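Asker: Below is input13.cif; it holds mmCIF, C-alpha atoms.
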```
data_input
#
loop_
_atom_site.group_PDB
_atom_site.id
_atom_site.type_symbol
_atom_site.label_atom_id
_atom_site.label_comp_id
_atom_site.auth_asym_id
_atom_site.auth_seq_id
_atom_site.Cartn_x
_atom_site.Cartn_y
_atom_site.Cartn_z
ATOM 1 C CA MET I 141 0.000 0.000 0.000
ATOM 2 C CA GLU I 142 1.286 3.439 -0.961
ATOM 3 C CA ILE I 143 1.275 6.308 1.509
ATOM 4 C CA ARG I 144 1.732 9.565 -0.365
ATOM 5 C CA GLU I 145 2.638 13.051 0.826
ATOM 6 C CA LYS I 146 0.988 16.400 0.069
ATOM 7 C CA VAL I 147 -2.030 15.055 -1.805
ATOM 8 C CA LEU I 148 -4.621 17.730 -2.625
ATOM 9 C CA LEU I 149 -7.875 16.775 -0.945
ATOM 10 C CA LYS I 150 -10.113 18.873 -3.196
ATOM 11 C CA ASP I 151 -9.932 15.966 -5.636
ATOM 12 C CA TRP I 152 -11.537 13.689 -3.002
ATOM 13 C CA ALA I 153 -14.305 16.002 -1.768
ATOM 14 C CA TRP I 154 -17.687 16.669 -3.376
ATOM 15 C CA TRP I 155 -17.244 20.416 -2.866
ATOM 16 C CA LYS I 156 -13.974 20.260 -4.869
ATOM 17 C CA ILE I 157 -12.389 22.259 -2.068
ATOM 18 C CA GLY I 158 -9.474 21.429 0.214
ATOM 19 C CA GLY I 159 -5.740 21.776 0.677
ATOM 20 C CA PRO I 160 -3.128 19.016 0.955
ATOM 21 C CA ALA I 161 -2.976 16.125 3.384
ATOM 22 C CA ASP I 162 0.415 15.706 5.052
ATOM 23 C CA PHE I 163 0.054 11.979 4.316
ATOM 24 C CA PHE I 164 -2.668 10.211 2.320
ATOM 25 C CA CYS I 165 -3.543 6.602 1.563
ATOM 26 C CA LEU I 166 -6.282 4.483 0.005
ATOM 27 C CA PRO I 167 -6.469 1.168 1.882
ATOM 28 C CA GLU I 168 -8.018 -1.692 -0.105
ATOM 29 C CA SER I 169 -8.201 -4.240 2.723
ATOM 30 C CA LEU I 170 -8.289 -4.429 6.516
ATOM 31 C CA ASP I 171 -4.602 -5.364 6.459
ATOM 32 C CA ASP I 172 -3.857 -2.204 4.469
ATOM 33 C CA LEU I 173 -5.804 -0.204 7.044
ATOM 34 C CA ARG I 174 -3.865 -1.772 9.920
ATOM 35 C CA GLU I 175 -0.597 -0.950 8.154
ATOM 36 C CA ALA I 176 -1.664 2.672 7.681
ATOM 37 C CA LEU I 177 -2.710 3.006 11.317
ATOM 38 C CA ARG I 178 0.614 1.511 12.382
ATOM 39 C CA PHE I 179 2.397 4.091 10.214
ATOM 40 C CA ALA I 180 0.490 6.886 11.973
ATOM 41 C CA ARG I 181 0.999 5.400 15.429
ATOM 42 C CA GLN I 182 4.757 5.053 14.986
ATOM 43 C CA ARG I 183 5.032 8.709 13.969
ATOM 44 C CA ALA I 184 2.463 10.028 16.477
ATOM 45 C CA LEU I 185 0.359 11.403 13.611
ATOM 46 C CA PRO I 186 -3.292 12.404 13.994
ATOM 47 C CA VAL I 187 -5.608 10.341 11.764
ATOM 48 C CA THR I 188 -8.527 11.733 9.736
ATOM 49 C CA ILE I 189 -11.070 9.451 8.075
ATOM 50 C CA LEU I 190 -12.418 10.557 4.705
ATOM 51 C CA GLY I 191 -15.304 8.526 3.333
ATOM 52 C CA GLY I 192 -17.228 9.476 0.221
ATOM 53 C CA GLY I 193 -16.219 13.126 0.654
ATOM 54 C CA THR I 194 -19.788 14.415 0.820
ATOM 55 C CA ASN I 195 -20.410 16.052 4.191
ATOM 56 C CA VAL I 196 -16.983 17.605 4.758
ATOM 57 C CA LEU I 197 -15.485 21.077 4.447
ATOM 58 C CA ILE I 198 -11.705 20.712 4.186
ATOM 59 C CA SER I 199 -9.493 23.651 5.075
ATOM 60 C CA ASP I 200 -7.558 25.456 2.363
ATOM 61 C CA ALA I 201 -4.488 24.906 4.549
ATOM 62 C CA GLY I 202 -4.972 21.143 4.365
ATOM 63 C CA VAL I 203 -5.088 18.424 7.006
ATOM 64 C CA GLU I 204 -2.399 17.530 9.508
ATOM 65 C CA GLY I 205 -1.214 13.939 9.853
ATOM 66 C CA LEU I 206 -2.596 10.957 7.928
ATOM 67 C CA VAL I 207 -5.808 11.048 5.896
ATOM 68 C CA LEU I 208 -7.366 7.631 5.293
ATOM 69 C CA CYS I 209 -9.642 7.678 2.250
ATOM 70 C CA MET I 210 -11.954 4.672 2.391
ATOM 71 C CA ARG I 211 -13.162 4.597 -1.220
ATOM 72 C CA LYS I 212 -11.246 1.475 -2.260
ATOM 73 C CA LEU I 213 -12.367 -0.510 0.793
ATOM 74 C CA ASN I 214 -15.591 -1.583 -0.892
ATOM 75 C CA GLY I 215 -17.697 -4.583 -1.828
ATOM 76 C CA VAL I 216 -21.020 -6.168 -0.868
ATOM 77 C CA GLU I 217 -22.087 -9.734 -0.065
ATOM 78 C CA THR I 218 -25.785 -10.613 -0.163
ATOM 79 C CA ARG I 219 -27.810 -13.523 1.192
ATOM 80 C CA GLU I 220 -31.500 -14.282 1.613
ATOM 81 C CA GLU I 221 -32.827 -16.496 4.374
ATOM 82 C CA GLY I 222 -35.616 -16.578 6.926
ATOM 83 C CA GLY I 223 -37.705 -14.111 4.937
ATOM 84 C CA ARG I 224 -35.030 -11.397 5.064
ATOM 85 C CA ILE I 225 -32.290 -10.091 2.825
ATOM 86 C CA SER I 226 -28.960 -9.425 4.540
ATOM 87 C CA LEU I 227 -26.091 -7.398 3.121
ATOM 88 C CA GLU I 228 -22.522 -7.146 4.406
ATOM 89 C CA ALA I 229 -20.823 -4.083 2.938
ATOM 90 C CA LEU I 230 -17.300 -2.778 3.428
ATOM 91 C CA ALA I 231 -17.327 0.797 4.677
ATOM 92 C CA GLY I 232 -16.227 2.466 1.449
ATOM 93 C CA THR I 233 -19.040 0.910 -0.581
ATOM 94 C CA PRO I 234 -21.148 3.662 -2.206
ATOM 95 C CA LYS I 235 -24.701 3.765 -0.896
ATOM 96 C CA PHE I 236 -26.011 3.463 -4.450
ATOM 97 C CA GLU I 237 -24.715 -0.134 -4.518
ATOM 98 C CA LEU I 238 -27.165 -0.941 -1.718
ATOM 99 C CA THR I 239 -29.859 0.998 -3.539
ATOM 100 C CA LYS I 240 -29.462 -1.204 -6.621
ATOM 101 C CA ILE I 241 -29.765 -4.410 -4.573
ATOM 102 C CA PHE I 242 -32.928 -3.283 -2.763
ATOM 103 C CA MET I 243 -34.351 -1.791 -5.969
ATOM 104 C CA LYS I 244 -33.941 -5.041 -7.877
ATOM 105 C CA ARG I 245 -36.036 -6.824 -5.241
ATOM 106 C CA LYS I 246 -38.566 -3.966 -4.940
ATOM 107 C CA LEU I 247 -37.858 -3.409 -1.245
ATOM 108 C CA ALA I 248 -38.574 -0.235 0.716
ATOM 109 C CA PRO I 249 -34.981 0.784 1.668
ATOM 110 C CA ALA I 250 -34.294 1.601 -1.983
ATOM 111 C CA LEU I 251 -36.514 4.672 -1.645
ATOM 112 C CA PHE I 252 -34.561 6.437 1.088
ATOM 113 C CA LEU I 253 -31.150 5.172 -0.035
ATOM 114 C CA CYS I 254 -31.598 6.611 -3.534
ATOM 115 C CA GLY I 255 -31.471 10.092 -1.999
ATOM 116 C CA LEU I 256 -28.216 9.587 -0.094
ATOM 117 C CA PRO I 257 -24.753 10.300 -1.513
ATOM 118 C CA GLY I 258 -21.545 9.016 0.030
ATOM 119 C CA ASP I 259 -20.549 5.626 1.384
ATOM 120 C CA VAL I 260 -21.937 3.056 3.786
ATOM 121 C CA GLY I 261 -19.478 3.831 6.582
ATOM 122 C CA GLY I 262 -20.473 7.485 6.487
ATOM 123 C CA GLY I 263 -24.106 6.421 6.591
ATOM 124 C CA VAL I 264 -23.464 4.792 9.964
ATOM 125 C CA VAL I 265 -21.306 7.595 11.360
ATOM 126 C CA MET I 266 -23.911 10.288 10.649
ATOM 127 C CA ASN I 267 -27.037 8.107 10.740
ATOM 128 C CA ALA I 268 -27.777 9.356 7.234
ATOM 129 C CA GLY I 269 -31.396 9.821 6.296
ATOM 130 C CA VAL I 270 -33.995 11.804 4.385
ATOM 131 C CA ALA I 271 -36.614 14.338 5.449
ATOM 132 C CA GLU I 272 -39.567 12.539 3.861
ATOM 133 C CA ALA I 273 -41.946 10.683 6.194
ATOM 134 C CA ILE I 274 -41.234 7.197 4.825
ATOM 135 C CA GLU I 275 -40.119 3.905 6.349
ATOM 136 C CA PRO I 276 -37.225 3.410 6.580
ATOM 137 C CA ARG I 277 -35.875 6.950 6.520
ATOM 138 C CA GLU I 278 -32.632 6.654 8.547
ATOM 139 C CA PHE I 279 -29.676 4.298 8.447
ATOM 140 C CA CYS I 280 -30.282 3.009 11.972
ATOM 141 C CA GLU I 281 -33.498 1.368 10.747
ATOM 142 C CA ILE I 282 -31.667 -1.000 8.414
ATOM 143 C CA VAL I 283 -28.389 -1.578 10.304
ATOM 144 C CA ASP I 284 -28.036 -4.802 12.303
ATOM 145 C CA TRP I 285 -24.379 -4.349 13.241
ATOM 146 C CA PHE I 286 -21.165 -2.710 12.176
ATOM 147 C CA GLU I 287 -17.492 -3.378 12.801
ATOM 148 C CA VAL I 288 -14.972 -0.805 14.007
ATOM 149 C CA MET I 289 -11.187 -1.020 13.868
ATOM 150 C CA ASP I 290 -9.571 0.810 16.764
ATOM 151 C CA PHE I 291 -6.320 2.672 16.273
ATOM 152 C CA SER I 292 -4.352 -0.346 17.488
ATOM 153 C CA GLY I 293 -5.751 -2.459 14.638
ATOM 154 C CA ASP I 294 -8.235 -4.547 16.642
ATOM 155 C CA VAL I 295 -11.784 -4.994 15.309
ATOM 156 C CA ARG I 296 -14.977 -5.064 17.383
ATOM 157 C CA ARG I 297 -18.520 -5.684 16.211
ATOM 158 C CA TRP I 298 -21.203 -3.328 17.547
ATOM 159 C CA LEU I 299 -24.860 -4.327 17.525
ATOM 160 C CA ARG I 300 -27.435 -1.684 16.643
ATOM 161 C CA SER I 301 -28.844 -1.856 20.190
ATOM 162 C CA GLU I 302 -25.424 -1.034 21.697
ATOM 163 C CA VAL I 303 -25.187 2.313 19.920
ATOM 164 C CA SER I 304 -26.934 5.634 20.544
ATOM 165 C CA TRP I 305 -28.616 6.795 17.327
ATOM 166 C CA GLU I 306 -29.575 10.433 16.958
ATOM 167 C CA TYR I 307 -30.609 12.798 14.185
ATOM 168 C CA ARG I 308 -27.642 12.790 11.774
ATOM 169 C CA HIS I 309 -25.306 11.246 14.349
ATOM 170 C CA SER I 310 -24.374 7.982 16.035
ATOM 171 C CA GLN I 311 -22.313 7.699 19.183
ATOM 172 C CA GLY I 312 -21.066 5.305 21.819
ATOM 173 C CA TRP I 313 -18.797 3.293 19.522
ATOM 174 C CA GLN I 314 -15.970 5.803 19.025
ATOM 175 C CA PRO I 315 -12.980 6.052 18.694
ATOM 176 C CA GLY I 316 -12.066 4.020 15.643
ATOM 177 C CA VAL I 317 -12.787 3.465 11.959
ATOM 178 C CA VAL I 318 -16.013 1.854 10.703
ATOM 179 C CA VAL I 319 -14.846 -0.950 8.386
ATOM 180 C CA ARG I 320 -17.856 -3.173 7.684
ATOM 181 C CA VAL I 321 -21.631 -2.812 7.998
ATOM 182 C CA GLY I 322 -24.384 -5.421 8.165
ATOM 183 C CA VAL I 323 -27.863 -4.365 7.079
ATOM 184 C CA SER I 324 -31.071 -6.310 6.507
ATOM 185 C CA TRP I 325 -34.755 -5.912 5.629
ATOM 186 C CA PRO I 326 -37.784 -8.204 5.298
ATOM 187 C CA LEU I 327 -38.320 -9.648 1.819
ATOM 188 C CA THR I 328 -41.650 -7.845 1.538
ATOM 189 C CA VAL I 329 -42.050 -6.858 -2.097
ATOM 190 C CA GLU I 330 -43.603 -3.461 -2.845
ATOM 191 C CA GLU I 331 -44.421 -3.319 -6.536
ATOM 192 C CA THR I 332 -44.495 0.505 -6.561
ATOM 193 C CA ILE I 333 -40.897 0.901 -5.363
ATOM 194 C CA PRO I 334 -39.233 1.228 -8.810
ATOM 195 C CA LEU I 335 -41.719 3.912 -9.856
ATOM 196 C CA ARG I 336 -41.390 5.774 -6.559
ATOM 197 C CA VAL I 337 -37.599 5.702 -6.789
ATOM 198 C CA ARG I 338 -37.727 7.128 -10.314
ATOM 199 C CA GLU I 339 -40.133 9.863 -9.184
ATOM 200 C CA ALA I 340 -37.988 10.716 -6.146
ATOM 201 C CA THR I 341 -34.898 10.946 -8.324
ATOM 202 C CA LYS I 342 -36.714 13.178 -10.815
ATOM 203 C CA ASN I 343 -37.908 15.463 -7.993
ATOM 204 C CA ARG I 344 -34.408 15.780 -6.568
ATOM 205 C CA LEU I 345 -33.011 16.713 -9.967
ATOM 206 C CA ALA I 346 -35.681 19.408 -10.215
ATOM 207 C CA ARG I 347 -35.226 20.780 -6.685
ATOM 208 C CA GLN I 348 -31.517 20.371 -5.948
ATOM 209 C CA PRO I 349 -28.466 21.916 -7.666
ATOM 210 C CA LEU I 350 -26.866 18.609 -8.594
ATOM 211 C CA ASP I 351 -25.061 20.173 -11.555
ATOM 212 C CA LEU I 352 -22.595 22.025 -9.290
ATOM 213 C CA PRO I 353 -20.213 20.776 -6.561
ATOM 214 C CA SER I 354 -21.733 20.884 -3.085
ATOM 215 C CA CYS I 355 -21.746 18.832 0.108
ATOM 216 C CA GLY I 356 -25.453 18.034 -0.094
ATOM 217 C CA SER I 357 -27.531 19.633 2.657
ATOM 218 C CA THR I 358 -25.414 22.107 4.605
ATOM 219 C CA PHE I 359 -27.562 22.453 7.732
ATOM 220 C CA LYS I 360 -29.601 20.059 9.846
ATOM 221 C CA ASN I 361 -33.312 20.791 10.030
ATOM 222 C CA PRO I 362 -33.996 22.353 13.467
ATOM 223 C CA PRO I 363 -36.961 20.882 15.382
ATOM 224 C CA GLY I 364 -40.139 22.205 13.804
ATOM 225 C CA PHE I 365 -38.390 23.957 10.907
ATOM 226 C CA LYS I 366 -36.818 23.343 7.511
ATOM 227 C CA ALA I 367 -33.341 24.869 7.275
ATOM 228 C CA GLY I 368 -33.758 25.691 3.584
ATOM 229 C CA ALA I 369 -37.032 27.522 4.202
ATOM 230 C CA LEU I 370 -35.492 29.635 6.992
ATOM 231 C CA ILE I 371 -32.563 30.607 4.770
ATOM 232 C CA GLU I 372 -34.901 31.492 1.915
ATOM 233 C CA GLN I 373 -37.118 33.587 4.201
ATOM 234 C CA VAL I 374 -34.184 35.770 5.264
ATOM 235 C CA GLY I 375 -33.435 36.456 1.595
ATOM 236 C CA LEU I 376 -30.127 34.631 1.304
ATOM 237 C CA LYS I 377 -30.824 32.553 -1.792
ATOM 238 C CA GLY I 378 -28.100 33.471 -4.238
ATOM 239 C CA TYR I 379 -25.894 35.062 -1.544
ATOM 240 C CA THR I 380 -22.299 34.827 -2.788
ATOM 241 C CA VAL I 381 -18.822 35.023 -1.309
ATOM 242 C CA GLY I 382 -15.996 34.476 -3.776
ATOM 243 C CA GLY I 383 -16.721 31.300 -5.719
ATOM 244 C CA ALA I 384 -19.251 29.979 -3.192
ATOM 245 C CA GLN I 385 -22.990 30.643 -3.396
ATOM 246 C CA VAL I 386 -26.199 29.809 -1.583
ATOM 247 C CA SER I 387 -27.943 27.934 -4.356
ATOM 248 C CA PRO I 388 -30.800 29.862 -5.993
ATOM 249 C CA LYS I 389 -32.395 26.454 -6.524
ATOM 250 C CA HIS I 390 -32.304 25.158 -2.925
ATOM 251 C CA ALA I 391 -31.211 27.402 -0.057
ATOM 252 C CA ASN I 392 -29.801 24.566 2.081
ATOM 253 C CA PHE I 393 -27.144 23.900 -0.572
ATOM 254 C CA ILE I 394 -23.973 25.948 -0.821
ATOM 255 C CA VAL I 395 -22.458 25.387 -4.249
ATOM 256 C CA ASN I 396 -19.016 25.893 -5.726
ATOM 257 C CA THR I 397 -19.608 28.015 -8.814
ATOM 258 C CA GLY I 398 -15.915 27.832 -9.692
ATOM 259 C CA GLY I 399 -12.758 28.317 -7.653
ATOM 260 C CA ALA I 400 -14.486 28.544 -4.266
ATOM 261 C CA SER I 401 -12.270 28.316 -1.195
ATOM 262 C CA ALA I 402 -13.057 26.731 2.147
ATOM 263 C CA ALA I 403 -12.867 30.229 3.631
ATOM 264 C CA ASP I 404 -15.596 31.384 1.206
ATOM 265 C CA VAL I 405 -17.899 28.557 2.274
ATOM 266 C CA LYS I 406 -17.176 29.038 5.974
ATOM 267 C CA GLN I 407 -17.979 32.753 5.689
ATOM 268 C CA ILE I 408 -21.334 31.953 4.066
ATOM 269 C CA ILE I 409 -22.161 29.345 6.721
ATOM 270 C CA GLU I 410 -21.422 31.773 9.548
ATOM 271 C CA HIS I 411 -23.388 34.578 7.865
ATOM 272 C CA ILE I 412 -26.422 32.332 7.414
ATOM 273 C CA GLN I 413 -26.265 31.245 11.055
ATOM 274 C CA SER I 414 -26.009 34.847 12.237
ATOM 275 C CA VAL I 415 -28.879 36.162 10.111
ATOM 276 C CA VAL I 416 -31.258 33.257 10.825
ATOM 277 C CA LYS I 417 -30.516 33.505 14.552
ATOM 278 C CA ALA I 418 -31.191 37.248 14.566
ATOM 279 C CA ARG I 419 -34.439 36.930 12.585
ATOM 280 C CA PHE I 420 -35.997 33.764 14.015
ATOM 281 C CA GLY I 421 -34.012 32.980 17.178
ATOM 282 C CA VAL I 422 -33.139 29.591 15.659
ATOM 283 C CA ALA I 423 -29.581 28.249 15.862
ATOM 284 C CA LEU I 424 -28.738 26.382 12.665
ATOM 285 C CA GLU I 425 -26.358 23.469 13.156
ATOM 286 C CA THR I 426 -24.331 22.169 10.228
ATOM 287 C CA GLU I 427 -24.474 18.629 8.902
ATOM 288 C CA VAL I 428 -21.015 19.323 7.512
ATOM 289 C CA ARG I 429 -17.871 18.242 9.358
ATOM 290 C CA VAL I 430 -15.046 20.771 9.236
ATOM 291 C CA LEU I 431 -11.633 19.148 8.725
ATOM 292 C CA GLY I 432 -8.070 20.394 8.780
ATOM 293 C CA ARG I 433 -6.060 23.403 9.879
ATOM 294 C CA TRP I 434 -8.037 26.551 10.614
ATOM 295 C CA SER I 435 -6.639 29.765 12.079
#
```
Could you write out this file's structure as structure tokens?
Answerer:
Amino acid sequence: MEIREKVLLKDWAWWKIGGPADFFCLPESLDDLREALRFARQRALPVTILGGGTNVLISDAGVEGLVLCMRKLNGVETREEGGRISLEALAGTPKFELTKIFMKRKLAPALFLCGLPGDVGGGVVMNAGVAEAIEPREFCEIVDWFEVMDFSGDVRRWLRSEVSWEYRHSQGWQPGVVVRVGVSWPLTVEETIPLRVREATKNRLARQPLDLPSCGSTFKNPPGFKAGALIEQVGLKGYTVGGAQVSPKHANFIVNTGGASAADVKQIIEHIQSVVKARFGVALETEVRVLGRWS
């Protein structure tokens, strides 16, 4: 496995923003991951996990230590027994691979998964989900277990019931790296699923700025509110700093119109939070994780 120096992270993030990692690697197996963690441990380097690159804002100054990009740690095994379908997916497996499996069998998880970018490991870490009132709508509803490698290289399996699942967050299993996820669902065929997935995809294309780099939804929906609606009501659709812009199409998306910096995006995020707080008394919390060196 190759560990490279000074790799630009903008090439690995959906926003197409981010400075260099001190060290960077793409493990393809658990042994590769152990080797990388050993490398970091021997040099006392901090470790940053980068999954699908969706919900992250990476500093222009880059990231200290070792960045582990999980994209090549992927693959899915499927079995059907006892009236259920069970999938075992390595953490870097794109969520759309699960979507295709559930879609083929006309099963309900295809509907919420088709709206989620990123990888399976990230789905567990942030309890990824959708706003629509459907079942299932969050990752915790399909997860049976997941495995975590600690920074010494040992692996432990966590059952769903052992973990605290919250809105866009899971906790109780850290620290470590999610390496494998087991999900399942009853083999209850819903004939309308393919049509509903196509309609949901069409609606997203119409409502979301998927033609420009973004991180997906920037802010969590506060209790009783929609973040996008609050941002629109304070007149910030189209608000621009440098190459970053609040999408005129969907106010909860900040898009890179070309050459945006992390500082541009961060300035927009903070401005939105300030204006929405002043107008409505609502504190908007980001879905986005901020990574790297910030002054």
Asker: In the coordinates of the file, take the point (-5.8, 6.8, 8.1) and a cut-off of 6 Å; then, counting all atoms listed in the file, name each qualifying protein, DNA or RNA residue as a list in words.
Answerer: Ala176, Leu177, Val187, Thr188, Ile189, Leu206, Val207 and Leu208 of chain I
Asker: Dump C-alpha atoms for the selected residues as a compact mmCIF listing (two decimals), in the frame of the given file?
Answerer:
```txt
# COMPACT_ATOMS: atom_id res chain seq x y z
CA ALA I 176 -1.66 2.67 7.68
CA LEU I 177 -2.71 3.01 11.32
CA VAL I 187 -5.61 10.34 11.76
CA THR I 188 -8.53 11.73 9.74
CA ILE I 189 -11.07 9.45 8.07
CA LEU I 206 -2.60 10.96 7.93
CA VAL I 207 -5.81 11.05 5.90
CA LEU I 208 -7.37 7.63 5.29
```
Asker: Would you list the contacts of Ala403 of chain I as a short mmCIF file (atom, residue, chain, number, x, y, z; two decimals) with C-alpha atoms, keeping the file's coordinate frame, taking every protein, DNA or RNA residue within 10 Å and counting all atoms listed in the file, but skipping same-chain residues closer than 6 positions in sequence?
Answerer:
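Saved to part.cif:
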```cif
data_model
loop_
_atom_site.label_atom_id
_atom_site.label_comp_id
_atom_site.auth_asym_id
_atom_site.auth_seq_id
_atom_site.Cartn_x
_atom_site.Cartn_y
_atom_site.Cartn_z
CA ILE I 157 -12.39 22.26 -2.07
CA LEU I 197 -15.48 21.08 4.45
CA ILE I 198 -11.70 20.71 4.19
CA SER I 199 -9.49 23.65 5.08
CA ASP I 200 -7.56 25.46 2.36
CA ALA I 201 -4.49 24.91 4.55
CA VAL I 381 -18.82 35.02 -1.31
CA GLY I 382 -16.00 34.48 -3.78
CA ALA I 384 -19.25 29.98 -3.19
CA ILE I 409 -22.16 29.34 6.72
CA TRP I 434 -8.04 26.55 10.61
#
```
Asker: One decimal, Å: what's the distance from atom CA of Ser310 of chain I over to atom CA of Glu272 of chain I, could you say?
Answerer: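 Interatomic distance here is 20.0 Å.
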Asker: Report as a list of chain:residue names all protein, DNA and RNA residues lying within 9 Å of Val196 of chain I, evaluated on all atoms listed in the file, omitting residues in the same chain fewer than 5 positions from it.
Answerer: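 In the requested format, the answer is I:Ala153, I:Trp154, I:Trp155, I:Leu190, I:Cys355, I:Glu427, I:Val428, I:Arg429, I:Val430, I:Leu431.
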Asker: Residues within 12 Å of segment 219-229 of chain I, please, as number ranges by chain. Count only C-alpha atoms; anything in the same chain fewer than 4 positions from it doesn't count.
Answerer: I: 213-215, 233-239, 241-242, 244-249, 259-261, 263-264, 282-287, 318-329
Asker: Any chance you could work out the residue set of the PyMOL selection byres ((chain I and resi 365) around 12) here, as a VMD selection string?
Answerer: chain I and resid 271 359 to 364 366 to 371 373 416 420 to 424
Asker: Go through the shown structure with the PyMOL selection byres ((chain I and resi 386) around 12) and write out the matching residues as number ranges by chain.
Answerer: I: 348-349, 352-359, 368, 371-372, 375-385, 387-397, 404-409, 411-412
Asker: For atom CA of Tyr307 of chain I and atom CA of Arg433 of chain I, determine how far apart the two atoms are, in Å to one decimal place.
Answerer: 27.1 Å
Asker: I:Asp171, I:Arg347, I:Lys146, I:Gly205: which is nearest Asp294 of chain I, counting only C-alpha atoms?
Answerer: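 With only C-alpha atoms as the atom set, the closest residue is I:Asp171.
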Asker: To one decimal place in Å, what is the distance between atom CA of Glu204 of chain I and atom CA of Ala161 of chain I?
Answerer: 6.3 Å
Asker: I'd like the contact shell of Arg277 of chain I - 6 Å cut-off, only C-alpha atoms, skipping same-chain residues fewer than 4 positions apart - returned as a PyMOL selection string.
Answerer: chain I and resi 252+269-270
Asker: Around segment 237-250 of chain I, fit a box with edges along x, y and z, padding it by 3 Å on each side, then list its centre and edge lengths in Å to one decimal as lines of an AutoDock Vina configuration file.
Answerer:
```
center_x = -31.6
center_y = -2.6
center_z = -3.1
size_x = 19.9
size_y = 14.4
size_z = 15.5
```
Asker: Care to translate the PyMOL selection byres ((chain I and resi 174) around 10) into actual residues of this file, as number ranges by chain?
Answerer: I: 167, 169-173, 175-180, 289-294
Asker: Limited to C-alpha atoms, could you put the picked residues into a file as a PDB file, in the coordinates of the input?
Answerer:
```pdb
ATOM      1  CA  PRO I 167      -6.469   1.168   1.882  1.00  0.00           C
ATOM      2  CA  SER I 169      -8.201  -4.240   2.723  1.00  0.00           C
ATOM      3  CA  LEU I 170      -8.289  -4.429   6.516  1.00  0.00           C
ATOM      4  CA  ASP I 171      -4.602  -5.364   6.459  1.00  0.00           C
ATOM      5  CA  ASP I 172      -3.857  -2.204   4.469  1.00  0.00           C
ATOM      6  CA  LEU I 173      -5.804  -0.204   7.044  1.00  0.00           C
ATOM      7  CA  GLU I 175      -0.597  -0.950   8.154  1.00  0.00           C
ATOM      8  CA  ALA I 176      -1.664   2.672   7.681  1.00  0.00           C
ATOM      9  CA  LEU I 177      -2.710   3.006  11.317  1.00  0.00           C
ATOM     10  CA  ARG I 178       0.614   1.511  12.382  1.00  0.00           C
ATOM     11  CA  PHE I 179       2.397   4.091  10.214  1.00  0.00           C
ATOM     12  CA  ALA I 180       0.490   6.886  11.973  1.00  0.00           C
ATOM     13  CA  MET I 289     -11.187  -1.020  13.868  1.00  0.00           C
ATOM     14  CA  ASP I 290      -9.571   0.810  16.764  1.00  0.00           C
ATOM     15  CA  PHE I 291      -6.320   2.672  16.273  1.00  0.00           C
ATOM     16  CA  SER I 292      -4.352  -0.346  17.488  1.00  0.00           C
ATOM     17  CA  GLY I 293      -5.751  -2.459  14.638  1.00  0.00           C
ATOM     18  CA  ASP I 294      -8.235  -4.547  16.642  1.00  0.00           C
TER      19      ASP I 294
END
```
